[in-house]
$ cat work.cif   # mmCIF, C-alpha atoms and all ligand atoms
data_protein
loop_
_atom_site.label_atom_id
_atom_site.label_comp_id
_atom_site.auth_asym_id
_atom_site.auth_seq_id
_atom_site.Cartn_x
_atom_site.Cartn_y
_atom_site.Cartn_z
CA MET H 1 19.00 -11.46 -6.30
CA THR H 2 19.60 -8.09 -4.75
CA LYS H 3 16.17 -6.55 -5.18
CA GLN H 4 15.11 -4.35 -2.30
CA VAL H 5 18.11 -5.18 -0.13
CA GLN H 6 19.16 -1.77 1.09
CA PRO H 7 21.96 -0.77 3.43
CA PHE H 8 20.84 1.09 6.51
CA GLY H 9 23.28 3.89 5.81
CA ALA H 10 21.64 4.89 2.54
CA ALA H 11 19.96 7.98 3.94
CA ARG H 12 22.82 10.36 4.25
CA GLY H 13 22.03 13.70 5.82
CA LYS H 14 18.96 12.53 7.69
CA ARG H 15 18.69 13.34 11.35
CA MET H 16 18.11 10.58 13.84
CA TRP H 17 14.72 11.17 15.41
CA ASN H 18 12.73 8.98 17.67
CA VAL H 19 10.28 7.01 15.54
CA LEU H 20 7.55 7.94 18.01
CA VAL H 21 7.48 11.36 16.41
CA VAL H 22 6.18 9.74 13.25
CA GLY H 23 3.34 8.03 15.06
CA LEU H 24 2.14 10.99 17.09
CA ALA H 25 2.35 13.91 14.71
CA ILE H 26 -0.05 12.86 11.98
CA PRO H 27 -1.75 15.94 10.55
CA GLY H 28 -5.41 16.40 9.82
CA THR H 29 -8.27 15.44 12.04
CA GLY H 30 -6.52 12.38 13.45
CA ALA H 31 -9.89 11.25 14.75
CA PHE H 32 -9.46 7.64 13.73
CA VAL H 33 -5.74 7.29 14.32
CA GLY H 34 -5.18 4.67 16.96
CA ALA H 35 -8.81 3.51 16.74
CA ALA H 36 -7.74 0.47 14.75
CA PRO H 37 -4.21 -0.44 15.85
CA ALA H 38 -1.82 -2.51 13.76
CA GLY H 39 -2.26 -6.20 14.34
CA GLN H 40 -6.05 -6.03 14.55
CA PRO H 41 -8.05 -6.92 11.42
CA TYR H 42 -8.97 -3.83 9.43
CA GLN H 43 -12.74 -3.52 9.05
CA ALA H 44 -13.18 -2.11 5.54
CA PRO H 45 -16.61 -0.58 4.90
CA GLN H 46 -18.38 -1.38 1.66
CA ALA H 47 -18.66 1.59 -0.66
CA THR H 48 -22.20 1.86 -1.96
CA THR H 49 -20.75 4.26 -4.52
CA ALA H 50 -17.16 3.71 -5.60
CA PRO H 51 -14.85 6.68 -4.99
CA VAL H 52 -13.79 8.82 -7.93
CA LEU H 53 -10.04 8.40 -8.36
CA ASP H 54 -8.88 12.00 -8.43
CA GLY H 55 -6.58 12.31 -5.43
CA ARG H 56 -9.30 14.07 -3.42
CA ALA H 57 -10.69 12.26 -0.41
CA THR H 58 -14.06 13.97 -0.70
CA ASP H 59 -16.05 10.84 -1.64
CA ALA H 60 -18.68 9.88 0.94
CA CYS H 61 -17.27 6.37 1.37
CA TRP H 62 -13.97 7.62 2.77
CA ALA H 63 -15.68 9.31 5.71
CA ARG H 64 -16.87 5.91 6.91
CA ALA H 65 -13.46 4.21 6.93
CA ALA H 66 -10.94 4.38 9.78
CA TRP H 67 -7.36 5.54 9.34
CA ARG H 68 -4.46 3.19 9.95
CA PRO H 69 -0.91 4.49 10.31
CA LEU H 70 2.04 3.66 8.07
CA ASP H 71 4.41 3.81 11.01
CA GLN H 72 6.56 0.69 10.83
CA ARG H 73 10.11 1.31 9.63
CA TRP H 74 11.03 -1.65 7.43
CA VAL H 75 14.15 -0.19 5.78
CA GLY H 76 16.38 2.77 6.59
CA PRO H 77 17.09 4.99 9.59
CA PRO H 78 14.50 6.88 11.64
CA ALA H 79 13.09 9.84 9.73
CA PRO H 80 11.63 13.12 11.03
CA ALA H 81 7.95 13.79 10.52
CA ALA H 82 8.68 16.35 7.80
CA ASP H 83 10.49 13.65 5.81
CA PHE H 84 7.80 11.02 5.99
CA GLN H 85 4.45 10.36 7.62
CA GLY H 86 1.67 8.21 6.26
CA ARG H 87 -1.76 6.83 6.94
CA TYR H 88 -4.38 5.02 4.89
CA LYS H 89 -7.96 3.80 4.61
CA VAL H 90 -9.58 1.00 2.62
CA VAL H 91 -13.12 0.55 1.28
CA TRP H 92 -14.45 -2.02 -1.18
CA THR H 93 -17.02 -2.95 -3.74
CA PRO H 94 -17.55 -6.51 -5.01
CA ALA H 95 -15.23 -5.66 -7.91
CA ARG H 96 -12.41 -3.74 -6.21
CA LEU H 97 -10.56 -2.68 -3.12
CA TYR H 98 -10.03 1.07 -2.91
CA VAL H 99 -7.03 2.37 -0.98
CA LEU H 100 -6.65 5.98 0.11
CA ALA H 101 -3.16 6.96 1.28
CA GLU H 102 -2.20 10.31 2.77
CA ILE H 103 1.56 10.60 2.51
CA THR H 104 3.71 13.40 3.84
CA ASP H 105 6.92 13.34 1.82
CA ASP H 106 9.19 16.36 1.51
CA LYS H 107 10.37 15.49 -2.02
CA LEU H 108 8.72 13.35 -4.68
CA LEU H 109 11.35 11.56 -6.72
CA ASP H 110 11.19 9.51 -9.91
CA ILE H 111 14.74 9.01 -11.15
CA HIS H 112 14.14 5.81 -13.16
CA PRO H 113 12.03 6.69 -16.20
CA ASP H 114 11.90 3.03 -17.23
CA PRO H 115 9.12 1.57 -15.02
CA LEU H 116 10.92 -1.79 -14.85
CA ASP H 117 14.26 -0.34 -13.75
CA LYS H 118 14.80 -0.31 -9.94
CA TRP H 119 11.14 0.52 -9.40
CA TRP H 120 11.50 0.24 -5.63
CA ASP H 121 14.13 3.01 -5.55
CA ASP H 122 11.67 5.69 -6.72
CA ASP H 123 8.98 7.07 -4.46
CA CYS H 124 6.10 4.64 -4.72
CA LEU H 125 3.15 3.24 -2.87
CA GLU H 126 3.31 -0.52 -2.37
CA ILE H 127 0.02 -2.39 -2.03
CA PHE H 128 0.23 -5.97 -0.76
CA VAL H 129 -2.76 -8.27 -1.22
CA ASP H 130 -3.24 -11.98 -0.54
CA PRO H 131 -6.78 -12.47 -1.86
CA ASP H 132 -7.47 -15.80 -0.08
CA ARG H 133 -5.46 -14.92 3.05
CA SER H 134 -3.42 -18.11 2.63
CA ARG H 135 -0.14 -16.49 3.77
CA GLY H 136 3.16 -18.09 2.69
CA ASP H 137 5.77 -17.40 0.02
CA HIS H 138 4.79 -15.20 -2.92
CA GLN H 139 8.17 -13.99 -4.14
CA TYR H 140 7.98 -15.45 -7.64
CA ASN H 141 4.42 -16.69 -7.82
CA TYR H 142 0.90 -15.27 -7.55
CA ASN H 143 -0.03 -16.60 -4.14
CA ALA H 144 -0.05 -12.91 -3.19
CA TRP H 145 0.84 -9.63 -4.83
CA ALA H 146 3.17 -6.71 -4.06
CA TYR H 147 1.98 -3.97 -6.39
CA HIS H 148 4.45 -1.11 -6.60
CA VAL H 149 2.41 1.91 -7.69
CA ALA H 150 4.68 4.53 -9.20
CA LEU H 151 4.21 8.28 -9.46
CA ASP H 152 3.75 7.88 -13.21
CA GLY H 153 0.93 5.37 -12.62
CA HIS H 154 2.79 2.22 -13.65
CA VAL H 155 2.31 -0.87 -11.49
CA VAL H 156 5.04 -3.50 -11.08
CA ASP H 157 5.34 -6.86 -9.36
CA MET H 158 7.62 -9.85 -9.79
CA GLY H 159 6.52 -12.62 -12.14
CA ARG H 160 7.22 -16.33 -12.12
CA ASP H 161 10.28 -15.64 -14.29
CA ARG H 162 11.80 -13.65 -11.40
CA LYS H 163 11.56 -10.43 -13.38
CA GLY H 164 9.46 -7.35 -12.86
CA HIS H 165 6.28 -7.10 -14.91
CA LEU H 166 3.77 -4.35 -15.48
CA PHE H 167 0.34 -4.98 -13.97
CA ASP H 168 -1.19 -1.65 -14.92
CA ALA H 169 -4.56 -3.31 -15.54
CA HIS H 170 -4.74 -4.55 -11.92
CA VAL H 171 -4.28 -1.24 -10.10
CA GLN H 172 -5.37 2.26 -11.09
CA SER H 173 -4.17 5.31 -9.21
CA ARG H 174 -4.35 9.08 -9.07
CA HIS H 175 -2.46 11.29 -6.69
CA ARG H 176 -2.59 14.97 -5.84
CA GLN H 177 0.15 16.89 -4.11
CA GLN H 178 -0.51 19.83 -1.82
CA GLY H 179 2.68 21.06 -0.21
CA ARG H 180 4.32 18.07 1.38
CA VAL H 181 1.14 16.01 1.50
CA THR H 182 0.29 13.71 -1.39
CA THR H 183 -3.11 12.05 -1.43
CA TRP H 184 -3.22 8.80 -3.40
CA GLU H 185 -6.45 7.14 -4.44
CA THR H 186 -6.13 3.68 -5.91
CA SER H 187 -8.36 0.84 -6.99
CA VAL H 188 -7.12 -2.74 -6.82
CA ALA H 189 -8.56 -5.78 -8.57
CA LEU H 190 -7.84 -9.09 -6.85
CA TYR H 191 -6.51 -12.02 -8.85
CA ALA H 192 -6.26 -15.64 -7.72
CA ASP H 193 -3.03 -17.61 -7.33
CA THR H 194 -3.92 -19.46 -10.54
CA TYR H 195 -3.18 -16.27 -12.50
CA ASP H 196 -2.01 -17.10 -16.03
CA ASP H 197 0.71 -14.62 -16.96
CA GLN H 198 0.98 -16.07 -20.46
CA ARG H 199 -2.58 -14.96 -21.20
CA PRO H 200 -3.20 -11.85 -19.09
CA ALA H 201 -6.47 -10.98 -20.79
CA ALA H 202 -7.90 -14.42 -19.97
CA ASN H 203 -7.75 -13.79 -16.21
CA ARG H 204 -10.83 -12.50 -14.44
CA PRO H 205 -10.71 -10.56 -11.15
CA LEU H 206 -12.14 -12.22 -8.08
CA THR H 207 -15.41 -11.07 -6.54
CA ILE H 208 -14.90 -9.57 -3.11
CA ARG H 209 -17.41 -10.76 -0.53
CA ALA H 210 -18.33 -9.42 2.88
CA GLY H 211 -16.75 -11.35 5.72
CA GLN H 212 -14.13 -13.15 3.60
CA PRO H 213 -10.75 -12.00 4.95
CA ILE H 214 -8.04 -10.71 2.63
CA GLY H 215 -4.35 -10.48 3.44
CA PHE H 216 -3.41 -6.81 3.17
CA ALA H 217 -0.54 -4.46 3.91
CA LEU H 218 0.51 -1.06 2.64
CA ALA H 219 3.94 0.54 2.44
CA TYR H 220 5.72 3.54 0.96
CA CYS H 221 9.20 3.63 -0.54
CA ASP H 222 10.68 7.05 0.24
CA ASN H 223 13.62 8.37 -1.71
CA ASP H 224 14.46 12.07 -1.66
CA ASN H 225 18.07 12.46 -2.68
CA SER H 226 19.79 9.08 -2.98
CA PRO H 227 20.75 6.54 -5.65
CA GLU H 228 18.75 3.99 -3.65
CA ARG H 229 15.62 4.48 -1.61
CA GLU H 230 16.23 5.89 1.84
CA ASN H 231 13.28 4.47 3.73
CA PHE H 232 10.54 1.92 3.45
CA PHE H 233 7.64 2.40 5.83
CA GLY H 234 4.94 -0.23 6.23
CA SER H 235 1.67 -0.84 7.99
CA GLU H 236 2.58 -4.06 9.78
CA VAL H 237 4.83 -4.95 12.68
CA VAL H 238 7.53 -7.29 11.35
CA THR H 239 9.63 -9.13 13.91
CA GLY H 240 13.30 -10.00 13.45
CA GLU H 241 16.25 -8.20 11.94
CA ASP H 242 15.10 -8.25 8.29
CA LYS H 243 11.81 -6.38 8.13
CA ASN H 244 11.78 -6.09 4.35
CA ARG H 245 9.79 -9.32 4.01
CA GLY H 246 6.56 -8.13 2.45
CA TRP H 247 7.62 -8.77 -1.14
CA ILE H 248 8.50 -12.38 -0.25
CA ASP H 249 6.30 -13.56 2.62
CA ALA H 250 2.55 -12.96 2.75
CA GLY H 251 2.67 -14.11 6.36
CA ILE H 252 3.66 -10.60 7.45
CA PHE H 253 0.54 -9.06 5.90
CA GLY H 254 -2.29 -7.92 8.11
CA THR H 255 -5.90 -8.97 7.70
CA LEU H 256 -8.60 -6.91 6.04
CA VAL H 257 -12.26 -7.85 6.55
CA PRO H 258 -14.78 -6.49 4.02
CA VAL H 259 -17.82 -5.32 5.99
CA ALA H 260 -21.19 -5.21 4.23
CA ALA H 261 -22.95 -1.89 3.83
CA ALA H 262 -25.87 -1.57 6.23
CA ALA H 263 -29.11 -2.64 4.59
CA ARG H 264 -31.49 0.21 3.90
CA ALA H 265 -34.66 0.33 5.91
CA PRO H 266 -37.60 -1.02 3.90
CA ARG H 267 -39.87 1.58 2.32
CA ARG H 268 -43.27 1.97 3.85
CA CA H 301 -11.83 11.02 -4.83
CA CA H 302 10.94 12.08 2.22
CA CA H 303 -2.82 -16.57 -1.41
CA CA H 304 10.44 11.09 -1.39
#
$ encode --input "work.cif" --output "structure tokens"
Amino acid sequence: MTKQVQPFGAARGKRMWNVLVVGLAIPGTGAFVGAAPAGQPYQAPQATTAPVLDGRATDACWARAAWRPLDQRWVGPPAPAADFQGRYKVVWTPARLYVLAEITDDKLLDIHPDPLDKWWDDDCLEIFVDPDRSRGDHQYNYNAWAYHVALDGHVVDMGRDRKGHLFDAHVQSRHRQQGRVTTWETSVALYADTYDDQRPAANRPLTIRAGQPIGFALAYCDNDNSPERENFFGSEVVTGEDKNRGWIDAGIFGTLVPVAAAARAPRR
């Protein structure tokens, strides 16, 4: 199985920059960057009104969530800030997680029109969820999920048969590009490890509850000019030589804690 095993020399023509540049030069307000460092549980605020998925981060719920950086280089050489930068936020309702990603990418690429052909070699957002925070292997089972969200909206993860499958019903996304910055808004339904892939319609999403931790990580596959993706940037620190472990091992995921919306003051 050669999926997602990429040589480090794949990014020809890229300059070698210190990865610190990526972490320090995030555009925008930056107010929350560094407020919730990697390795600490992410406190996801409850959205009293779900965001409208339109690639615009103007929904009230987003203002209450802290940014986290996508600054861990899992595959490929260091990249300058103009090539890639990323950060994200998460909010929730009992029915869904909502992920906002702000990605600076100098060229959006989709060179595999078939959504099940080398999906990780096109630009895509990758959303990792382990609904019961059990950790452990999830390569060819549903203990956890690695949803690859493509520019065309298709969503792919590996099935028990060791092949890619579309899970378009699990994740919805919209993105909007302004210059080099693409804003992705996604909604993610959580499914248990008992997921029956022979009867997809029979599965029901889990209810998300305040205080029940969820394994979570986010990543971005960046390809600009190459037959294979050039970089893979993630949200979590992965130790060891092989940092491309998210699609196999839910143990590298971070922890997301759904935080209840503050109760309204009683009317008098
Ligand atoms: Ca929106
Ligand atoms: Ca790029
Ligand atoms: Ca699990
Ligand atoms: Ca790209």
$ residues_near_ligand --input "work.cif" --ligand "ligand CA 304 (chain H)" --cutoff "9 Å" --atoms "all atoms listed in the file" --output "ChimeraX atom specification"
/H:83-84,104-110,122-124,221-225,229-231
$ residues_near_ligand --input "work.cif" --ligand "ligand CA 303 (chain H)" --cutoff "8 Å" --atoms "only C-alpha atoms and all ligand atoms" --output "ChimeraX atom specification"
/H:130-136,138,142-144,192-193,215,250
$ residues_near_ligand --input "work.cif" --ligand "ligand CA 301 (chain H)" --cutoff "10 Å" --atoms "all atoms listed in the file" --output "list in words"
Ala50, Pro51, Val52, Leu53, Asp54, Gly55, Arg56, Ala57, Thr58, Asp59, Ala60, Cys61, Trp62, Leu100, Arg174, His175, Thr183, Trp184, Glu185 and Thr186 of chain H
$ atom_distance --input "work.cif" --atom1 "CA of Pro78 in chain H" --atom2 "CA of Gln43 in chain H"
29.3 Å
$ closest_residue --input "work.cif" --among "H:Gly254, H:Pro94, H:Pro205, H:Pro200" --to "Ala217 in chain H" --atoms "only C-alpha atoms"
H:Gly254
$ residues_around --input "work.cif" --residues "range 155-166 of chain H" --least-positions-apart "5" --cutoff "6 Å" --atoms "only C-alpha atoms" --output "ChimeraX atom specification"
/H:140-141,146-149
$ closest_residue --input "work.cif" --among "H:Ser173, H:Thr49, H:Arg180, H:Pro41" --to "ligand CA 302 (chain H)" --atoms "all atoms listed in the file"
H:Arg180
$ atom_distance --input "work.cif" --atom1 "CA of Ala189 in chain H" --atom2 "CA of Arg96 in chain H"
5.0 Å
$ atom_distance --input "work.cif" --atom1 "CA of Phe253 in chain H" --atom2 "CA of Glu228 in chain H"
24.4 Å
$ closest_residue --input "work.cif" --among "H:Ile214, H:Leu116, H:Ile208, H:Ala101" --to "Ala260 in chain H" --atoms "only C-alpha atoms"
H:Ile208
$ closest_residue --input "work.cif" --among "H:Leu218, H:Ala169, H:Val181, H:Val188" --to "ligand CA 302 (chain H)" --atoms "only C-alpha atoms and all ligand atoms"
H:Val181
$ closest_residue --input "work.cif" --among "H:Tyr88, H:Phe216, H:Phe233, H:Trp247" --to "ligand CA 302 (chain H)" --atoms "only C-alpha atoms and all ligand atoms"
H:Phe233
$ closest_residue --input "work.cif" --among "H:Arg87, H:Tyr220, H:Asp197, H:Arg73" --to "Ala150 in chain H" --atoms "only C-alpha atoms"
H:Tyr220
$ residues_around --input "work.cif" --residues "range 111-114 of chain H" --least-positions-apart "5" --cutoff "9 Å" --atoms "all atoms listed in the file" --output "number ranges by chain"
H: 119, 121-122, 152, 227
